[in-house]
Amino acid sequence: MKNRLSRRTLLRGAGLAGICVGLPILEAMLNDNGMLAHPARAAAAPPLNLLTFFLPNGVNTKDWWPLTEGPGYSMSRCLEPLSHLKSEFILLQHLNKDEAFRNEQIDNDAHQRGHASFTTGGGLAGASTVEFASVDQVAAKALGGDTKFRSLSAALTGVRSPPNQSDHISWSDGKTFSAAESDPLILFNRVFGAAGSGGSATQPLAQYKKSIFDYLLTDVQDLKNRVGASDRATLDQFVGSVRDVEKQLEPAHLDVSCGAPAGINPLLGGACPPFDNGKGGYSNERARLLIWLQVTAVACGLTRFGSFMLGGRASKRQFTWLGIPNADDGHHGISHDVSPTGLEHQSLIVIDEIKQFAYMLDLMQGIQQGGQSLLYNSVVFFANECGEGAAHDYSSTPVILAGRAGGQLKTGQHIVYANATPYSNVFVSILQMLGMNVTTFGVNGNAPLSRLLA
């Protein structure tokens, strides 16, 4: 008879406080139908997960939107990094984010409104507040109570003092943002720290003299003796991946010069500021560490909900490694340059950003859960802040739905909706796919989107 493991099986170092490692779904956690075993019932499908992914400042629309629609559309230039994943997402066109214009008198900065309306269904409410909770937090509040983290937010960008709406994309209510972790070392400590520790950086696991798995050798070997060959291979792959990330977090592997992005840049602070206008603090290597940790937390059942913010209007991120010279106001300044050179720079930036999104999807696609992938069992909502950046155009905000939602989504298509289709209708669809009984969302979401379901 198959040796069953609980989905909540953890690795804990004997006699060593502070280490508590969740595991990816193993075959030994599944019943004979390939579903998660559960003490109260014979079979239960893996719970669905929701992640959101935000890009700022708009796109060069001529390089973003494909010329054709339907399942046979040709990939556009900006979407090319996703071409190998075409069957795993839906591109949505003509979703009108009209709620971004609500309460314009509070702040005339269109980007403040663009960030505030990313997944909240509303606009600004005050100097540093929004009208409603974001969709990830709505779902987490209803469905995320049985995991270590109700939700887990990460962001490459820094937070100004005082913060405002363009520093955050996840809101537990209109007045309270869900703080996004921007330091990979601290996030590592949270993911692999003891339950209830809060992921304190005062005792960072990555600063132990050995890998955390050196302290867990007995537990790992015992577990490998209890599972089959496939699970042993999965465990070896998981341990190897964590070791790789640990090495990248070691001071010896960090560039502490505060120079241009090269390798893993200053993650531990030191003489360098945490965020340095596009240098080490905003490197793609740093972004991928954060993405890996967030996806690992989902794969290990530590959370089902999260948000990732790759940039913000105020981050002033530069892209010198793409051959783009430093610009006043960084990415935001570039997004307002409509000369041929400026538009080309905008496309190069978006292509580079889409590569980071593709990295997240590739990670999720590569994690198997009883014959399906983590991506199959998830919904990943992606959107840019607006369409054409220079015009702050919200009439056709770029949106991608990735993952299969457990087989519910009809992926592999480009859907062009009628003009003025409410952007927030996509959140009605997402919450319904997660199993929530909702028919509206925010001020404009009044029905689920058509043509999404398989």
# chains A, B, ... in the order shown; residues from 1 in each chain; ligands from 1

call {"tool": "residues_around", "arguments": {"residues": "region 67-71 of chain A", "least_positions_apart": "2", "cutoff": "12 Å", "atoms": "only C-alpha atoms", "output": "list in words"}}
result
Thr61, Lys62, Asp63, Trp64, Trp65, Tyr73, Ser74, Met75, Ser76, Arg77, Lys86, Ser87, Glu88, Phe89, Ile90, Leu91, Leu92, Gln93, Lys410, Thr411, Gly412, Gln413, His414, Ile415, Val416, Tyr417, Arg451 and Leu452 of chain A

call {"tool": "residues_around", "arguments": {"residues": "Asp98 (chain A)", "least_positions_apart": "3", "cutoff": "10 Å", "atoms": "only C-alpha atoms", "output": "VMD selection string"}}
result
chain A and resid 95 101 to 102 114 117 121 to 123 393 to 397 420 to 424 443 to 444

call {"tool": "closest_residue", "arguments": {"among": "A:Leu124, A:Val338, A:Ala383, A:Leu293", "to": "Val350 (chain A)", "atoms": "only C-alpha atoms"}}
result
A:Ala383

call {"tool": "residues_around", "arguments": {"residues": "Pro325 (chain A)", "least_positions_apart": "6", "cutoff": "10 Å", "atoms": "only C-alpha atoms", "output": "number ranges by chain"}}
result
A: 318-319, 334, 345

call {"tool": "residues_around", "arguments": {"residues": "Arg150 (chain A)", "least_positions_apart": "2", "cutoff": "12 Å", "atoms": "only C-alpha atoms", "output": "VMD selection string"}}
result
chain A and resid 49 to 50 136 to 148 152 to 153 172 178 297 to 298 301 to 306

call {"tool": "residues_around", "arguments": {"residues": "Gln408 (chain A)", "least_positions_apart": "3", "cutoff": "9 Å", "atoms": "only C-alpha atoms", "output": "PDB file with C-alpha atoms, in the first residue's frame"}}
result
ATOM      1  CA  ARG A 404      -5.647  27.003 -16.407  1.00  0.00           C
ATOM      2  CA  ALA A 405      -7.560  27.556 -13.129  1.00  0.00           C
ATOM      3  CA  MET A 433     -13.262  30.411 -10.852  1.00  0.00           C
ATOM      4  CA  LEU A 452     -12.860  32.657 -21.094  1.00  0.00           C
ATOM      5  CA  LEU A 453     -14.060  29.249 -20.012  1.00  0.00           C
ATOM      6  CA  ALA A 454     -13.138  25.943 -21.586  1.00  0.00           C
TER       7      ALA A 454
END

call {"tool": "closest_residue", "arguments": {"among": "A:Ser6, A:Asn189, A:Ser151, A:Ser166", "to": "Gly312 (chain A)", "atoms": "only C-alpha atoms"}}
result
A:Ser166

call {"tool": "closest_residue", "arguments": {"among": "A:Ala391, A:Leu30, A:Ala100, A:Val59", "to": "Ala45 (chain A)", "atoms": "only C-alpha atoms"}}
result
A:Leu30

call {"tool": "atom_distance", "arguments": {"atom1": "CA of Leu217 (chain A)", "atom2": "CA of Leu23 (chain A)"}}
result
14.5 Å

call {"tool": "atom_distance", "arguments": {"atom1": "CA of Asn57 (chain A)", "atom2": "CA of Arg113 (chain A)"}}
result
11.8 Å

call {"tool": "select_by_dssp", "arguments": {"residues": "region 352-427 of chain A", "states": "strand (DSSP E or B)", "output": "PyMOL selection string"}}
result
chain A and resi 368-369+372-373+378-384+388+399-402+409+413-422

call {"tool": "write_last_selection", "arguments": {"atoms": "N, CA, C and O atoms", "output": "mmCIF file, in the first residue's frame"}}
result
data_model
loop_
_atom_site.group_PDB
_atom_site.id
_atom_site.type_symbol
_atom_site.label_atom_id
_atom_site.label_comp_id
_atom_site.auth_asym_id
_atom_site.auth_seq_id
_atom_site.Cartn_x
_atom_site.Cartn_y
_atom_site.Cartn_z
ATOM 1 N N GLN A 368 5.386 20.116 -10.763
ATOM 2 C CA GLN A 368 4.314 19.161 -10.995
ATOM 3 C C GLN A 368 3.503 18.893 -9.729
ATOM 4 O O GLN A 368 4.052 18.830 -8.629
ATOM 5 N N GLN A 369 2.211 18.761 -9.898
ATOM 6 C CA GLN A 369 1.290 18.479 -8.795
ATOM 7 C C GLN A 369 0.334 17.369 -9.225
ATOM 8 O O GLN A 369 -0.732 17.630 -9.770
ATOM 9 N N GLN A 372 -0.435 17.322 -12.999
ATOM 10 C CA GLN A 372 -0.636 18.658 -13.562
ATOM 11 C C GLN A 372 0.453 19.584 -13.024
ATOM 12 O O GLN A 372 1.232 19.199 -12.145
ATOM 13 N N SER A 373 0.507 20.776 -13.534
ATOM 14 C CA SER A 373 1.517 21.723 -13.069
ATOM 15 C C SER A 373 0.906 22.720 -12.100
ATOM 16 O O SER A 373 -0.317 22.883 -12.016
ATOM 17 N N SER A 378 -3.503 27.240 -11.141
ATOM 18 C CA SER A 378 -3.434 28.641 -10.716
ATOM 19 C C SER A 378 -4.069 29.556 -11.751
ATOM 20 O O SER A 378 -4.290 29.179 -12.902
ATOM 21 N N VAL A 379 -4.349 30.774 -11.301
ATOM 22 C CA VAL A 379 -4.677 31.886 -12.184
ATOM 23 C C VAL A 379 -3.642 32.972 -11.907
ATOM 24 O O VAL A 379 -3.426 33.351 -10.748
ATOM 25 N N VAL A 380 -2.991 33.450 -12.950
ATOM 26 C CA VAL A 380 -2.038 34.547 -12.811
ATOM 27 C C VAL A 380 -2.578 35.717 -13.626
ATOM 28 O O VAL A 380 -2.687 35.645 -14.848
ATOM 29 N N PHE A 381 -2.947 36.788 -12.916
ATOM 30 C CA PHE A 381 -3.467 37.981 -13.572
ATOM 31 C C PHE A 381 -2.312 38.953 -13.793
ATOM 32 O O PHE A 381 -1.643 39.368 -12.852
ATOM 33 N N PHE A 382 -2.095 39.317 -15.051
ATOM 34 C CA PHE A 382 -1.048 40.263 -15.431
ATOM 35 C C PHE A 382 -1.702 41.485 -16.066
ATOM 36 O O PHE A 382 -2.617 41.342 -16.878
ATOM 37 N N ALA A 383 -1.225 42.660 -15.699
ATOM 38 C CA ALA A 383 -1.682 43.872 -16.383
ATOM 39 C C ALA A 383 -0.621 44.949 -16.295
ATOM 40 O O ALA A 383 0.103 45.055 -15.298
ATOM 41 N N ASN A 384 -0.535 45.726 -17.351
ATOM 42 C CA ASN A 384 0.226 46.960 -17.283
ATOM 43 C C ASN A 384 -0.676 48.018 -16.678
ATOM 44 O O ASN A 384 -1.907 47.895 -16.690
ATOM 45 N N GLU A 388 -1.351 53.030 -23.833
ATOM 46 C CA GLU A 388 -0.313 53.935 -24.322
ATOM 47 C C GLU A 388 0.138 54.834 -23.170
ATOM 48 O O GLU A 388 -0.651 55.605 -22.621
ATOM 49 N N VAL A 399 -3.950 43.204 -20.656
ATOM 50 C CA VAL A 399 -4.253 42.204 -19.632
ATOM 51 C C VAL A 399 -3.946 40.815 -20.181
ATOM 52 O O VAL A 399 -4.261 40.504 -21.335
ATOM 53 N N ILE A 400 -3.331 39.990 -19.343
ATOM 54 C CA ILE A 400 -3.096 38.577 -19.645
ATOM 55 C C ILE A 400 -3.629 37.753 -18.486
ATOM 56 O O ILE A 400 -3.407 38.079 -17.322
ATOM 57 N N LEU A 401 -4.341 36.683 -18.796
ATOM 58 C CA LEU A 401 -4.714 35.679 -17.803
ATOM 59 C C LEU A 401 -3.925 34.418 -18.129
ATOM 60 O O LEU A 401 -4.086 33.837 -19.207
ATOM 61 N N ALA A 402 -3.058 34.002 -17.213
ATOM 62 C CA ALA A 402 -2.239 32.818 -17.420
ATOM 63 C C ALA A 402 -2.654 31.719 -16.455
ATOM 64 O O ALA A 402 -3.257 31.980 -15.405
ATOM 65 N N LEU A 409 -10.015 27.558 -17.623
ATOM 66 C CA LEU A 409 -9.727 28.591 -18.610
ATOM 67 C C LEU A 409 -9.416 28.007 -19.984
ATOM 68 O O LEU A 409 -8.700 27.002 -20.101
ATOM 69 N N GLN A 413 -5.499 31.852 -26.606
ATOM 70 C CA GLN A 413 -6.267 32.698 -27.506
ATOM 71 C C GLN A 413 -6.066 34.179 -27.200
ATOM 72 O O GLN A 413 -5.683 34.568 -26.100
ATOM 73 N N HIS A 414 -6.318 34.987 -28.200
ATOM 74 C CA HIS A 414 -6.341 36.453 -28.084
ATOM 75 C C HIS A 414 -7.791 36.886 -28.285
ATOM 76 O O HIS A 414 -8.359 36.694 -29.362
ATOM 77 N N ILE A 415 -8.387 37.444 -27.225
ATOM 78 C CA ILE A 415 -9.794 37.844 -27.284
ATOM 79 C C ILE A 415 -9.879 39.364 -27.392
ATOM 80 O O ILE A 415 -9.326 40.085 -26.556
ATOM 81 N N VAL A 416 -10.562 39.831 -28.415
ATOM 82 C CA VAL A 416 -10.804 41.268 -28.588
ATOM 83 C C VAL A 416 -12.267 41.529 -28.242
ATOM 84 O O VAL A 416 -13.170 41.119 -28.979
ATOM 85 N N TYR A 417 -12.497 42.188 -27.137
ATOM 86 C CA TYR A 417 -13.860 42.471 -26.691
ATOM 87 C C TYR A 417 -14.378 43.760 -27.335
ATOM 88 O O TYR A 417 -13.620 44.511 -27.960
ATOM 89 N N ALA A 418 -15.652 43.996 -27.170
ATOM 90 C CA ALA A 418 -16.237 45.258 -27.633
ATOM 91 C C ALA A 418 -15.613 46.409 -26.865
ATOM 92 O O ALA A 418 -15.190 46.263 -25.704
ATOM 93 N N ASN A 419 -15.540 47.563 -27.511
ATOM 94 C CA ASN A 419 -15.019 48.744 -26.828
ATOM 95 C C ASN A 419 -15.783 49.001 -25.540
ATOM 96 O O ASN A 419 -16.996 48.770 -25.461
ATOM 97 N N ALA A 420 -15.056 49.468 -24.532
ATOM 98 C CA ALA A 420 -15.630 49.856 -23.237
ATOM 99 C C ALA A 420 -16.100 48.667 -22.401
ATOM 100 O O ALA A 420 -16.893 48.829 -21.478
ATOM 101 N N THR A 421 -15.617 47.471 -22.710
ATOM 102 C CA THR A 421 -15.903 46.339 -21.829
ATOM 103 C C THR A 421 -15.246 46.591 -20.478
ATOM 104 O O THR A 421 -14.056 46.906 -20.423
ATOM 105 N N PRO A 422 -15.988 46.484 -19.384
ATOM 106 C CA PRO A 422 -15.415 46.814 -18.073
ATOM 107 C C PRO A 422 -14.215 45.939 -17.717
ATOM 108 O O PRO A 422 -14.296 44.709 -17.725
#

call {"tool": "closest_residue", "arguments": {"among": "A:Leu322, A:Cys20, A:Leu289, A:Ala116", "to": "Ile351 (chain A)", "atoms": "only C-alpha atoms"}}
result
A:Leu322

call {"tool": "atom_distance", "arguments": {"atom1": "CA of Leu343 (chain A)", "atom2": "CA of Glu285 (chain A)"}}
result
25.3 Å

call {"tool": "residues_around", "arguments": {"residues": "region 235-237 of chain A", "least_positions_apart": "3", "cutoff": "9 Å", "atoms": "only C-alpha atoms", "output": "VMD selection string"}}
result
chain A and resid 23 to 24 26 220 224 230 to 232 240 to 242

call {"tool": "write_last_selection", "arguments": {"atoms": "N, CA, C and O atoms", "output": "short mmCIF file (atom, residue, chain, number, x, y, z; two decimals), in the first residue's frame"}}
result
data_model
loop_
_atom_site.label_atom_id
_atom_site.label_comp_id
_atom_site.auth_asym_id
_atom_site.auth_seq_id
_atom_site.Cartn_x
_atom_site.Cartn_y
_atom_site.Cartn_z
N LEU A 23 7.04 21.62 1.81
CA LEU A 23 7.42 20.78 0.68
C LEU A 23 6.49 20.99 -0.50
O LEU A 23 5.30 21.28 -0.32
N PRO A 24 7.00 20.82 -1.72
CA PRO A 24 6.09 20.80 -2.88
C PRO A 24 5.21 19.56 -2.80
O PRO A 24 5.48 18.64 -2.04
N LEU A 26 4.03 16.10 -3.38
CA LEU A 26 4.67 14.85 -3.78
C LEU A 26 3.61 13.82 -4.12
O LEU A 26 2.46 13.93 -3.68
N VAL A 220 15.48 14.93 5.75
CA VAL A 220 15.39 14.72 4.30
C VAL A 220 15.61 13.25 3.97
O VAL A 220 14.86 12.66 3.17
N LYS A 224 13.02 10.62 2.24
CA LYS A 224 13.34 9.93 0.99
C LYS A 224 13.20 8.42 1.13
O LYS A 224 12.86 7.72 0.17
N SER A 230 10.14 8.73 -7.94
CA SER A 230 9.74 10.01 -8.50
C SER A 230 9.78 11.11 -7.45
O SER A 230 10.28 12.21 -7.70
N ASP A 231 9.28 10.80 -6.25
CA ASP A 231 9.30 11.80 -5.17
C ASP A 231 10.72 12.09 -4.72
O ASP A 231 11.05 13.23 -4.36
N ARG A 232 11.58 11.08 -4.72
CA ARG A 232 12.98 11.33 -4.34
C ARG A 232 13.63 12.29 -5.33
O ARG A 232 14.39 13.17 -4.94
N GLY A 240 18.08 21.18 -4.33
CA GLY A 240 19.08 21.83 -5.18
C GLY A 240 18.70 23.26 -5.51
O GLY A 240 19.56 24.16 -5.52
N SER A 241 17.42 23.50 -5.78
CA SER A 241 16.96 24.85 -6.10
C SER A 241 17.13 25.79 -4.92
O SER A 241 17.57 26.93 -5.07
N VAL A 242 16.79 25.31 -3.72
CA VAL A 242 16.94 26.15 -2.53
C VAL A 242 18.41 26.44 -2.28
O VAL A 242 18.79 27.57 -1.94
#

call {"tool": "residues_around", "arguments": {"residues": "Tyr359 (chain A)", "least_positions_apart": "2", "cutoff": "12 Å", "atoms": "only C-alpha atoms", "output": "list of chain:residue names"}}
result
A:Phe53, A:Pro81, A:Leu82, A:His84, A:Leu85, A:Asn284, A:Glu285, A:Ala287, A:Arg288, A:Leu289, A:Leu290, A:Ile291, A:Trp292, A:Val295, A:Asp352, A:Glu353, A:Ile354, A:Lys355, A:Gln356, A:Phe357, A:Leu361, A:Asp362, A:Leu363, A:Met364, A:Gln365, A:Gly366

call {"tool": "closest_residue", "arguments": {"among": "A:Phe427, A:Phe213, A:Phe238, A:Phe192", "to": "Thr52 (chain A)", "atoms": "only C-alpha atoms"}}
result
A:Phe427
